[in-house]
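Trainee: Okay, so here is model_11.cif, and as you'll see once you scroll down, it has mmCIF, C-alpha atoms.
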```cif
data_work
#
loop_
_atom_site.group_PDB
_atom_site.id
_atom_site.type_symbol
_atom_site.label_atom_id
_atom_site.label_comp_id
_atom_site.auth_asym_id
_atom_site.auth_seq_id
_atom_site.Cartn_x
_atom_site.Cartn_y
_atom_site.Cartn_z
ATOM 1 C CA MET P 1 -15.355 -15.241 -19.204
ATOM 2 C CA THR P 2 -13.921 -15.420 -15.663
ATOM 3 C CA ALA P 3 -12.743 -12.061 -14.323
ATOM 4 C CA ARG P 4 -8.992 -11.720 -14.038
ATOM 5 C CA THR P 5 -7.468 -10.884 -10.666
ATOM 6 C CA SER P 6 -6.244 -7.292 -10.317
ATOM 7 C CA LEU P 7 -2.722 -6.920 -8.915
ATOM 8 C CA GLY P 8 -0.810 -3.953 -7.576
ATOM 9 C CA VAL P 9 2.966 -4.441 -7.374
ATOM 10 C CA LEU P 10 5.227 -2.528 -4.971
ATOM 11 C CA VAL P 11 8.895 -2.292 -5.929
ATOM 12 C CA SER P 12 12.096 -0.528 -4.936
ATOM 13 C CA GLY P 13 14.732 -1.712 -7.411
ATOM 14 C CA SER P 14 15.385 -3.249 -10.796
ATOM 15 C CA GLY P 15 12.115 -5.177 -10.946
ATOM 16 C CA THR P 16 13.082 -8.619 -12.227
ATOM 17 C CA ASN P 17 10.282 -10.256 -10.245
ATOM 18 C CA LEU P 18 7.908 -7.631 -11.621
ATOM 19 C CA GLN P 19 9.053 -8.490 -15.141
ATOM 20 C CA ALA P 20 8.335 -12.173 -14.520
ATOM 21 C CA ILE P 21 4.812 -11.242 -13.412
ATOM 22 C CA LEU P 22 4.237 -8.956 -16.407
ATOM 23 C CA ASP P 23 5.465 -11.614 -18.825
ATOM 24 C CA ALA P 24 3.273 -14.293 -17.247
ATOM 25 C CA THR P 25 0.119 -12.139 -17.442
ATOM 26 C CA ARG P 26 0.505 -12.157 -21.221
ATOM 27 C CA THR P 27 0.182 -15.955 -21.286
ATOM 28 C CA SER P 28 -2.079 -18.562 -19.713
ATOM 29 C CA ALA P 29 0.452 -18.909 -16.867
ATOM 30 C CA LEU P 30 -1.095 -16.082 -14.832
ATOM 31 C CA PRO P 31 -4.765 -15.081 -15.307
ATOM 32 C CA ALA P 32 -4.296 -11.675 -13.707
ATOM 33 C CA ASP P 33 -3.597 -8.075 -14.671
ATOM 34 C CA VAL P 34 -1.101 -5.688 -13.116
ATOM 35 C CA ARG P 35 -3.142 -2.522 -12.651
ATOM 36 C CA VAL P 36 -0.388 -0.349 -11.160
ATOM 37 C CA VAL P 37 3.267 -0.484 -10.142
ATOM 38 C CA ILE P 38 4.300 1.728 -7.222
ATOM 39 C CA SER P 39 7.829 2.492 -6.078
ATOM 40 C CA ASN P 40 9.242 4.386 -3.144
ATOM 41 C CA VAL P 41 12.278 5.143 -5.339
ATOM 42 C CA ALA P 42 11.541 7.564 -8.176
ATOM 43 C CA GLU P 43 14.407 6.329 -10.370
ATOM 44 C CA ALA P 44 13.738 2.599 -9.861
ATOM 45 C CA ARG P 45 14.291 0.547 -13.016
ATOM 46 C CA ALA P 46 11.077 -1.327 -12.206
ATOM 47 C CA LEU P 47 9.027 1.762 -13.076
ATOM 48 C CA ASP P 48 10.554 1.727 -16.573
ATOM 49 C CA ARG P 49 9.542 -1.914 -16.921
ATOM 50 C CA ALA P 50 5.978 -0.988 -16.009
ATOM 51 C CA ARG P 51 5.876 1.861 -18.527
ATOM 52 C CA ALA P 52 7.263 -0.401 -21.241
ATOM 53 C CA ALA P 53 4.350 -2.763 -20.557
ATOM 54 C CA SER P 54 1.830 0.127 -20.639
ATOM 55 C CA VAL P 55 1.114 -0.307 -16.929
ATOM 56 C CA PRO P 56 0.633 2.814 -14.778
ATOM 57 C CA ALA P 57 3.854 3.572 -12.905
ATOM 58 C CA VAL P 58 3.625 5.659 -9.745
ATOM 59 C CA ALA P 59 6.601 7.066 -7.836
ATOM 60 C CA LEU P 60 5.933 7.864 -4.177
ATOM 61 C CA PRO P 61 9.329 8.723 -2.627
ATOM 62 C CA HIS P 62 9.051 7.714 1.014
ATOM 63 C CA ARG P 63 11.118 10.695 2.149
ATOM 64 C CA ASP P 64 8.245 12.940 1.082
ATOM 65 C CA TYR P 65 6.189 11.591 3.993
ATOM 66 C CA PRO P 66 6.687 12.197 7.718
ATOM 67 C CA ASP P 67 6.320 8.560 8.770
ATOM 68 C CA ARG P 68 5.608 5.037 7.523
ATOM 69 C CA ARG P 69 1.884 5.209 8.176
ATOM 70 C CA SER P 70 1.374 8.362 6.126
ATOM 71 C CA PHE P 71 3.415 6.844 3.312
ATOM 72 C CA ASP P 72 1.313 3.681 3.423
ATOM 73 C CA ARG P 73 -1.870 5.746 3.308
ATOM 74 C CA ALA P 74 -0.660 7.271 0.042
ATOM 75 C CA VAL P 75 0.154 3.800 -1.285
ATOM 76 C CA VAL P 76 -3.308 2.519 -0.350
ATOM 77 C CA ALA P 77 -4.944 5.487 -2.094
ATOM 78 C CA ALA P 78 -3.007 4.760 -5.299
ATOM 79 C CA LEU P 79 -3.826 1.044 -5.136
ATOM 80 C CA ARG P 80 -7.527 1.754 -4.650
ATOM 81 C CA ASP P 81 -7.524 4.313 -7.463
ATOM 82 C CA HIS P 82 -6.465 1.511 -9.797
ATOM 83 C CA GLY P 83 -8.920 -1.122 -8.558
ATOM 84 C CA VAL P 84 -6.349 -3.457 -7.013
ATOM 85 C CA GLU P 85 -7.501 -6.667 -5.268
ATOM 86 C CA TRP P 86 -4.153 -8.220 -4.272
ATOM 87 C CA VAL P 87 -0.878 -6.488 -3.455
ATOM 88 C CA VAL P 88 2.504 -8.013 -4.321
ATOM 89 C CA LEU P 89 5.745 -6.898 -2.684
ATOM 90 C CA ALA P 90 8.354 -7.679 -5.329
ATOM 91 C CA GLY P 91 11.644 -6.373 -4.019
ATOM 92 C CA PHE P 92 9.918 -3.674 -1.974
ATOM 93 C CA MET P 93 12.442 -2.582 0.625
ATOM 94 C CA ARG P 94 10.059 -1.068 3.163
ATOM 95 C CA LEU P 95 8.324 -2.512 6.199
ATOM 96 C CA VAL P 96 4.587 -2.056 5.740
ATOM 97 C CA THR P 97 2.176 -0.946 8.441
ATOM 98 C CA SER P 98 -1.384 -1.697 9.441
ATOM 99 C CA GLU P 99 -2.513 1.070 7.067
ATOM 100 C CA LEU P 100 -1.721 -1.180 4.107
ATOM 101 C CA LEU P 101 -2.426 -4.523 5.772
ATOM 102 C CA GLY P 102 -5.796 -3.338 7.044
ATOM 103 C CA ALA P 103 -6.792 -2.076 3.607
ATOM 104 C CA PHE P 104 -5.964 -5.446 2.007
ATOM 105 C CA PRO P 105 -6.433 -7.999 4.831
ATOM 106 C CA GLY P 106 -4.844 -11.342 3.999
ATOM 107 C CA ARG P 107 -4.154 -10.108 0.452
ATOM 108 C CA VAL P 108 -0.578 -8.823 0.613
ATOM 109 C CA VAL P 109 2.038 -11.244 -0.767
ATOM 110 C CA ASN P 110 5.830 -11.082 -0.450
ATOM 111 C CA ILE P 111 8.709 -12.980 -2.042
ATOM 112 C CA HIS P 112 11.759 -13.509 0.205
ATOM 113 C CA PRO P 113 15.109 -15.035 -0.894
ATOM 114 C CA ALA P 114 15.451 -17.588 1.910
ATOM 115 C CA LEU P 115 13.654 -20.577 3.371
ATOM 116 C CA LEU P 116 11.810 -18.803 6.142
ATOM 117 C CA PRO P 117 11.916 -18.739 9.091
ATOM 118 C CA ALA P 118 15.660 -18.908 8.354
ATOM 119 C CA PHE P 119 17.391 -15.648 7.398
ATOM 120 C CA PRO P 120 14.594 -13.068 7.562
ATOM 121 C CA GLY P 121 15.166 -9.411 6.771
ATOM 122 C CA VAL P 122 17.771 -7.960 4.418
ATOM 123 C CA ASN P 123 20.826 -9.650 2.880
ATOM 124 C CA ALA P 124 19.362 -13.146 3.154
ATOM 125 C CA GLN P 125 21.754 -14.565 0.545
ATOM 126 C CA ARG P 126 24.746 -13.162 2.414
ATOM 127 C CA GLN P 127 23.426 -14.649 5.638
ATOM 128 C CA ALA P 128 23.097 -18.068 3.998
ATOM 129 C CA VAL P 129 26.645 -18.012 2.619
ATOM 130 C CA GLU P 130 28.163 -16.744 5.863
ATOM 131 C CA TYR P 131 26.285 -19.283 7.961
ATOM 132 C CA GLY P 132 27.509 -22.112 5.725
ATOM 133 C CA VAL P 133 24.154 -23.751 5.005
ATOM 134 C CA LYS P 134 24.019 -26.341 2.233
ATOM 135 C CA LEU P 135 20.454 -25.543 1.186
ATOM 136 C CA THR P 136 18.672 -22.258 0.841
ATOM 137 C CA GLY P 137 15.832 -21.088 -1.377
ATOM 138 C CA CYS P 138 12.931 -18.696 -1.521
ATOM 139 C CA THR P 139 9.595 -18.266 0.204
ATOM 140 C CA VAL P 140 6.331 -16.676 -0.893
ATOM 141 C CA HIS P 141 4.237 -15.683 2.095
ATOM 142 C CA LEU P 142 1.412 -13.469 3.208
ATOM 143 C CA VAL P 143 2.559 -10.328 4.963
ATOM 144 C CA ASP P 144 1.832 -9.450 8.574
ATOM 145 C CA GLU P 145 3.300 -6.709 10.760
ATOM 146 C CA GLY P 146 6.431 -8.712 11.583
ATOM 147 C CA THR P 147 9.572 -8.997 9.465
ATOM 148 C CA ASP P 148 8.979 -11.942 7.108
ATOM 149 C CA THR P 149 6.820 -13.706 9.702
ATOM 150 C CA GLY P 150 3.518 -14.084 7.838
ATOM 151 C CA PRO P 151 1.893 -17.408 6.847
ATOM 152 C CA ILE P 152 3.913 -19.324 4.255
ATOM 153 C CA LEU P 153 2.309 -19.991 0.878
ATOM 154 C CA ALA P 154 5.112 -21.881 -0.880
ATOM 155 C CA GLN P 155 8.842 -22.537 -0.766
ATOM 156 C CA ARG P 156 11.466 -23.864 -3.148
ATOM 157 C CA ALA P 157 14.998 -24.960 -2.247
ATOM 158 C CA ILE P 158 18.306 -24.897 -4.090
ATOM 159 C CA ALA P 159 21.765 -26.111 -3.098
ATOM 160 C CA VAL P 160 24.422 -23.687 -1.947
ATOM 161 C CA GLU P 161 27.356 -24.701 -4.104
ATOM 162 C CA ASP P 162 31.022 -24.798 -3.144
ATOM 163 C CA GLY P 163 32.479 -21.439 -4.054
ATOM 164 C CA ASP P 164 29.170 -19.604 -3.957
ATOM 165 C CA ASP P 165 29.310 -16.027 -2.794
ATOM 166 C CA GLU P 166 26.452 -13.636 -2.180
ATOM 167 C CA ASP P 167 26.289 -12.509 -5.806
ATOM 168 C CA SER P 168 26.415 -15.937 -7.429
ATOM 169 C CA LEU P 169 23.830 -17.320 -5.047
ATOM 170 C CA ARG P 170 21.553 -14.330 -5.649
ATOM 171 C CA ALA P 171 21.814 -14.778 -9.418
ATOM 172 C CA ARG P 172 20.933 -18.492 -9.335
ATOM 173 C CA LEU P 173 18.121 -17.934 -6.870
ATOM 174 C CA LEU P 174 16.469 -15.199 -8.917
ATOM 175 C CA THR P 175 15.196 -17.565 -11.613
ATOM 176 C CA VAL P 176 13.682 -19.771 -8.911
ATOM 177 C CA GLU P 177 12.035 -16.749 -7.288
ATOM 178 C CA HIS P 178 10.486 -15.685 -10.589
ATOM 179 C CA ALA P 179 8.934 -19.080 -11.219
ATOM 180 C CA LEU P 180 7.646 -19.620 -7.687
ATOM 181 C CA LEU P 181 6.089 -16.170 -7.397
ATOM 182 C CA VAL P 182 4.199 -16.593 -10.666
ATOM 183 C CA GLU P 183 3.000 -20.049 -9.637
ATOM 184 C CA VAL P 184 1.651 -18.755 -6.319
ATOM 185 C CA LEU P 185 -0.062 -15.758 -7.895
ATOM 186 C CA ALA P 186 -1.656 -18.062 -10.467
ATOM 187 C CA ALA P 187 -3.012 -20.275 -7.685
ATOM 188 C CA ILE P 188 -4.479 -17.214 -5.983
ATOM 189 C CA ALA P 189 -5.988 -15.914 -9.226
ATOM 190 C CA GLU P 190 -7.533 -19.320 -9.950
ATOM 191 C CA GLY P 191 -9.058 -19.678 -6.503
ATOM 192 C CA ARG P 192 -6.745 -22.498 -5.434
ATOM 193 C CA LEU P 193 -5.645 -20.919 -2.146
ATOM 194 C CA GLU P 194 -7.095 -22.806 0.835
ATOM 195 C CA ARG P 195 -6.909 -21.632 4.429
ATOM 196 C CA ARG P 196 -6.707 -24.416 6.999
ATOM 197 C CA PRO P 197 -7.165 -24.355 10.790
ATOM 198 C CA PRO P 198 -4.124 -23.251 12.783
ATOM 199 C CA GLY P 199 -1.666 -25.955 13.730
ATOM 200 C CA PRO P 200 -0.246 -26.763 17.189
ATOM 201 C CA LEU P 201 1.786 -23.542 17.215
ATOM 202 C CA GLY P 202 -1.324 -21.475 16.561
ATOM 203 C CA ARG P 203 -0.156 -20.294 13.144
ATOM 204 C CA GLU P 204 -2.475 -20.088 10.154
ATOM 205 C CA ARG P 205 -1.784 -22.809 7.593
ATOM 206 C CA LEU P 206 -2.239 -22.220 3.876
ATOM 207 C CA HIS P 207 -2.439 -24.718 1.024
ATOM 208 C CA LEU P 208 -2.306 -24.219 -2.735
ATOM 209 C CA ARG P 209 -4.312 -26.831 -4.598
ATOM 210 C CA PRO P 210 -2.688 -28.051 -7.824
ATOM 211 C CA ARG P 211 -4.329 -27.288 -11.157
#
```
In structure tokens, write the structure found in this file.
Mentor:
Amino acid sequence: MTARTSLGVLVSGSGTNLQAILDATRTSALPADVRVVISNVAEARALDRARAASVPAVALPHRDYPDRRSFDRAVVAALRDHGVEWVVLAGFMRLVTSELLGAFPGRVVNIHPALLPAFPGVNAQRQAVEYGVKLTGCTVHLVDEGTDTGPILAQRAIAVEDGDDEDSLRARLLTVEHALLVEVLAAIAEGRLERRPPGPLGRERLHLRPR
């Protein structure tokens, strides 16, 4: 039997993307196991989702640490304690440092609710509505030390409808995020991630082979 990929998921909020991952690991959709869920918010609903799925849930309030690097060192220690291979940022509202990225080089994945490089950072749905774009979407990418600047793994677009506000757009986009994140993690778990030579702009290019 092929070994299943070990995931660690970092969260800050309600954990709907985490729930999509947990649900998919119980089917053939995602041949991986969530070994630990870590939150910088002790009361995050996502930790309850982890406990309900019998997954270790670890609260590491970031205010207990003097700086980002010391916080990330604690996160890395918890991830290693649980045998994690890949790290997933699923609504994790913290910028990560080289402490985490160096511990898991090229193996930290983020889901962002915009078609990067458009609308990086927080409140991406609000930015899309206020800018008046007709298409937006979500991006799954590898994480580097910039803000949503890492190599893109996959994207999916949806229309911004007349009358959309930040909340309605966020709600419609969430279901797309859930599906795309699971699809990308499945490709990683199945060894379908290919790294290609940098393009003309010098950026690493990634490709996910279909099943």
Trainee: Restrict the calculation to all atoms listed in the file, then for each residue of region 69-96 of chain P with any atom at most 8 Å from an atom of region 11-17 of chain P give the closest atom pair and their distance in Å to one decimal, rows by chain and rising residue number, as a Markdown table.
Mentor:
```
| residue | atom | partner | partner_atom | distance |
| --- | --- | --- | --- | --- |
| P:Leu89 | CA | P:Val11 | CA | 6.5 |
| P:Ala90 | CA | P:Val11 | CA | 5.4 |
| P:Gly91 | CA | P:Val11 | CA | 5.3 |
| P:Phe92 | CA | P:Val11 | CA | 4.3 |
| P:Met93 | CA | P:Ser12 | CA | 5.9 |
```
Trainee: Quick one: of P:Ala114, P:Arg170, P:Gly191, P:Leu181, who's nearest to Ala157 (chain P), counting all atoms listed in the file?
Mentor: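 Between P:Ala114, P:Arg170, P:Gly191, P:Leu181, the residue approaching Ala157 (chain P) most closely is P:Ala114.
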Trainee: Would you tabulate, counting only C-alpha atoms, all residues of region 19-91 of chain P that have an atom at most 7 Å from an atom of region 105-109 of chain P, showing the closest pair of atoms and their distance in Å to one decimal, sorted by chain then ascending number, as a Markdown table?
Mentor:
```
| residue | atom | partner | partner_atom | distance |
| --- | --- | --- | --- | --- |
| P:Trp86 | CA | P:Arg107 | CA | 5.1 |
| P:Val87 | CA | P:Val108 | CA | 4.7 |
| P:Val88 | CA | P:Val109 | CA | 4.8 |
| P:Leu89 | CA | P:Val109 | CA | 6.0 |
```
Trainee: With all atoms listed in the file as the counted atoms, please give the residues lying no more than 12 Å from Asp164 (chain P), apart from itself and same-chain residues fewer than 5 positions off, as a PDB file with C-alpha atoms, in the frame of the given file.
Mentor:
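So around-v8.pdb came out as:
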```
ATOM      1  CA  GLN P 125      21.754 -14.565   0.545  1.00  0.00           C
ATOM      2  CA  ARG P 126      24.746 -13.162   2.414  1.00  0.00           C
ATOM      3  CA  ALA P 128      23.097 -18.068   3.998  1.00  0.00           C
ATOM      4  CA  VAL P 129      26.645 -18.012   2.619  1.00  0.00           C
ATOM      5  CA  GLU P 130      28.163 -16.744   5.863  1.00  0.00           C
ATOM      6  CA  GLY P 132      27.509 -22.112   5.725  1.00  0.00           C
ATOM      7  CA  VAL P 133      24.154 -23.751   5.005  1.00  0.00           C
ATOM      8  CA  LYS P 134      24.019 -26.341   2.233  1.00  0.00           C
ATOM      9  CA  LEU P 135      20.454 -25.543   1.186  1.00  0.00           C
ATOM     10  CA  THR P 136      18.672 -22.258   0.841  1.00  0.00           C
ATOM     11  CA  ALA P 159      21.765 -26.111  -3.098  1.00  0.00           C
ATOM     12  CA  LEU P 169      23.830 -17.320  -5.047  1.00  0.00           C
ATOM     13  CA  ARG P 170      21.553 -14.330  -5.649  1.00  0.00           C
ATOM     14  CA  ALA P 171      21.814 -14.778  -9.418  1.00  0.00           C
ATOM     15  CA  ARG P 172      20.933 -18.492  -9.335  1.00  0.00           C
ATOM     16  CA  LEU P 173      18.121 -17.934  -6.870  1.00  0.00           C
TER      17      LEU P 173
END
```
Trainee: Expanded to explicit residues, what is the PyMOL selection byres ((chain P and resi 50) around 10) for this file, as a list in words?
Mentor: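 Evaluating the PyMOL selection byres ((chain P and resi 50) around 10) on this file yields Val9, Gly15, Leu18, Gln19, Leu22, Val34, Arg35, Val36, Val37, Ile38, Arg45, Ala46, Leu47, Asp48, Arg49, Arg51, Ala52, Ala53, Ser54, Val55, Pro56, Ala57 and Val58 of chain P.
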Trainee: With C-alpha atoms retained, export the selected residues as a PDB file, in the frame of the given file.
Mentor:
```
ATOM      1  CA  VAL P   9       2.966  -4.441  -7.374  1.00  0.00           C
ATOM      2  CA  GLY P  15      12.115  -5.177 -10.946  1.00  0.00           C
ATOM      3  CA  LEU P  18       7.908  -7.631 -11.621  1.00  0.00           C
ATOM      4  CA  GLN P  19       9.053  -8.490 -15.141  1.00  0.00           C
ATOM      5  CA  LEU P  22       4.237  -8.956 -16.407  1.00  0.00           C
ATOM      6  CA  VAL P  34      -1.101  -5.688 -13.116  1.00  0.00           C
ATOM      7  CA  ARG P  35      -3.142  -2.522 -12.651  1.00  0.00           C
ATOM      8  CA  VAL P  36      -0.388  -0.349 -11.160  1.00  0.00           C
ATOM      9  CA  VAL P  37       3.267  -0.484 -10.142  1.00  0.00           C
ATOM     10  CA  ILE P  38       4.300   1.728  -7.222  1.00  0.00           C
ATOM     11  CA  ARG P  45      14.291   0.547 -13.016  1.00  0.00           C
ATOM     12  CA  ALA P  46      11.077  -1.327 -12.206  1.00  0.00           C
ATOM     13  CA  LEU P  47       9.027   1.762 -13.076  1.00  0.00           C
ATOM     14  CA  ASP P  48      10.554   1.727 -16.573  1.00  0.00           C
ATOM     15  CA  ARG P  49       9.542  -1.914 -16.921  1.00  0.00           C
ATOM     16  CA  ARG P  51       5.876   1.861 -18.527  1.00  0.00           C
ATOM     17  CA  ALA P  52       7.263  -0.401 -21.241  1.00  0.00           C
ATOM     18  CA  ALA P  53       4.350  -2.763 -20.557  1.00  0.00           C
ATOM     19  CA  SER P  54       1.830   0.127 -20.639  1.00  0.00           C
ATOM     20  CA  VAL P  55       1.114  -0.307 -16.929  1.00  0.00           C
ATOM     21  CA  PRO P  56       0.633   2.814 -14.778  1.00  0.00           C
ATOM     22  CA  ALA P  57       3.854   3.572 -12.905  1.00  0.00           C
ATOM     23  CA  VAL P  58       3.625   5.659  -9.745  1.00  0.00           C
TER      24      VAL P  58
END
```
Trainee: Pick from P:Arg4, P:Arg209, P:Arg63, P:Arg80: nearest to Arg26 (chain P), with all atoms listed in the file counted?
Mentor: P:Arg4
Trainee: Select, from P:Ala154, P:Ala186, P:Leu100, P:Leu115, the residue with the minimum atom-to-atom distance to Val76 (chain P), counting only C-alpha atoms.
Mentor: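 Checking each candidate against Val76 (chain P), we get P:Leu100 as the closest.
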Trainee: What residues come out when you apply the PyMOL selection byres ((chain P and resi 3) around 12) to this file, written as a list in words?
Mentor: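 When the PyMOL selection byres ((chain P and resi 3) around 12) is applied, the selected residues are Met1, Thr2, Arg4, Thr5, Ser6, Pro31, Ala32, Asp33, Glu85, Ala189, Glu190 and Gly191 of chain P.
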Trainee: Given the choices P:Asp67, P:Glu177, P:Asp72, P:Asp165, which gets closest to Asn110 (chain P) if the distance is worked out from all atoms listed in the file?
Mentor: P:Glu177
Trainee: Can you tell me which residues surround region 143-150 of chain P at a distance of at most 8 Å, considering only C-alpha atoms, apart from same-chain residues fewer than 4 positions away, and format the answer as JSON, numbers by chain?
Mentor: {"P": [95, 96, 97, 98, 101, 106, 108, 109, 110, 112, 116, 117, 120, 121]}
Trainee: Go through P:Leu30, P:Val176, P:Leu79, P:Leu206 and flag the residue nearest Ile111 (chain P), using all atoms listed in the file for the distances.
Mentor: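 Looking at the shortest contact to Ile111 (chain P), the residue is P:Val176.
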Trainee: For each of P:Ile21, P:Leu153, P:Leu174, P:Leu180, take the minimum atom-to-atom distance to Arg205 (chain P), counting only C-alpha atoms, then give the residue where this is smallest.
Mentor: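 Under the stated criterion, the closest residue is P:Leu153.
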Trainee: Just the number, please: distance in Å from CA of Phe104 (chain P) to CA of Ile152 (chain P), one decimal.
Mentor: 17.2 Å
Trainee: Could you pull the residues within 7 Å of Pro113 (chain P), counting all atoms listed in the file, minus those fewer than 5 positions along the same chain, as a PyMOL selection string?
Mentor: chain P and resi 124-125+137-139
Trainee: Just the number, please: distance in Å from CA of Val75 (chain P) to CA of Ala118 (chain P), one decimal.
Mentor: 29.1 Å
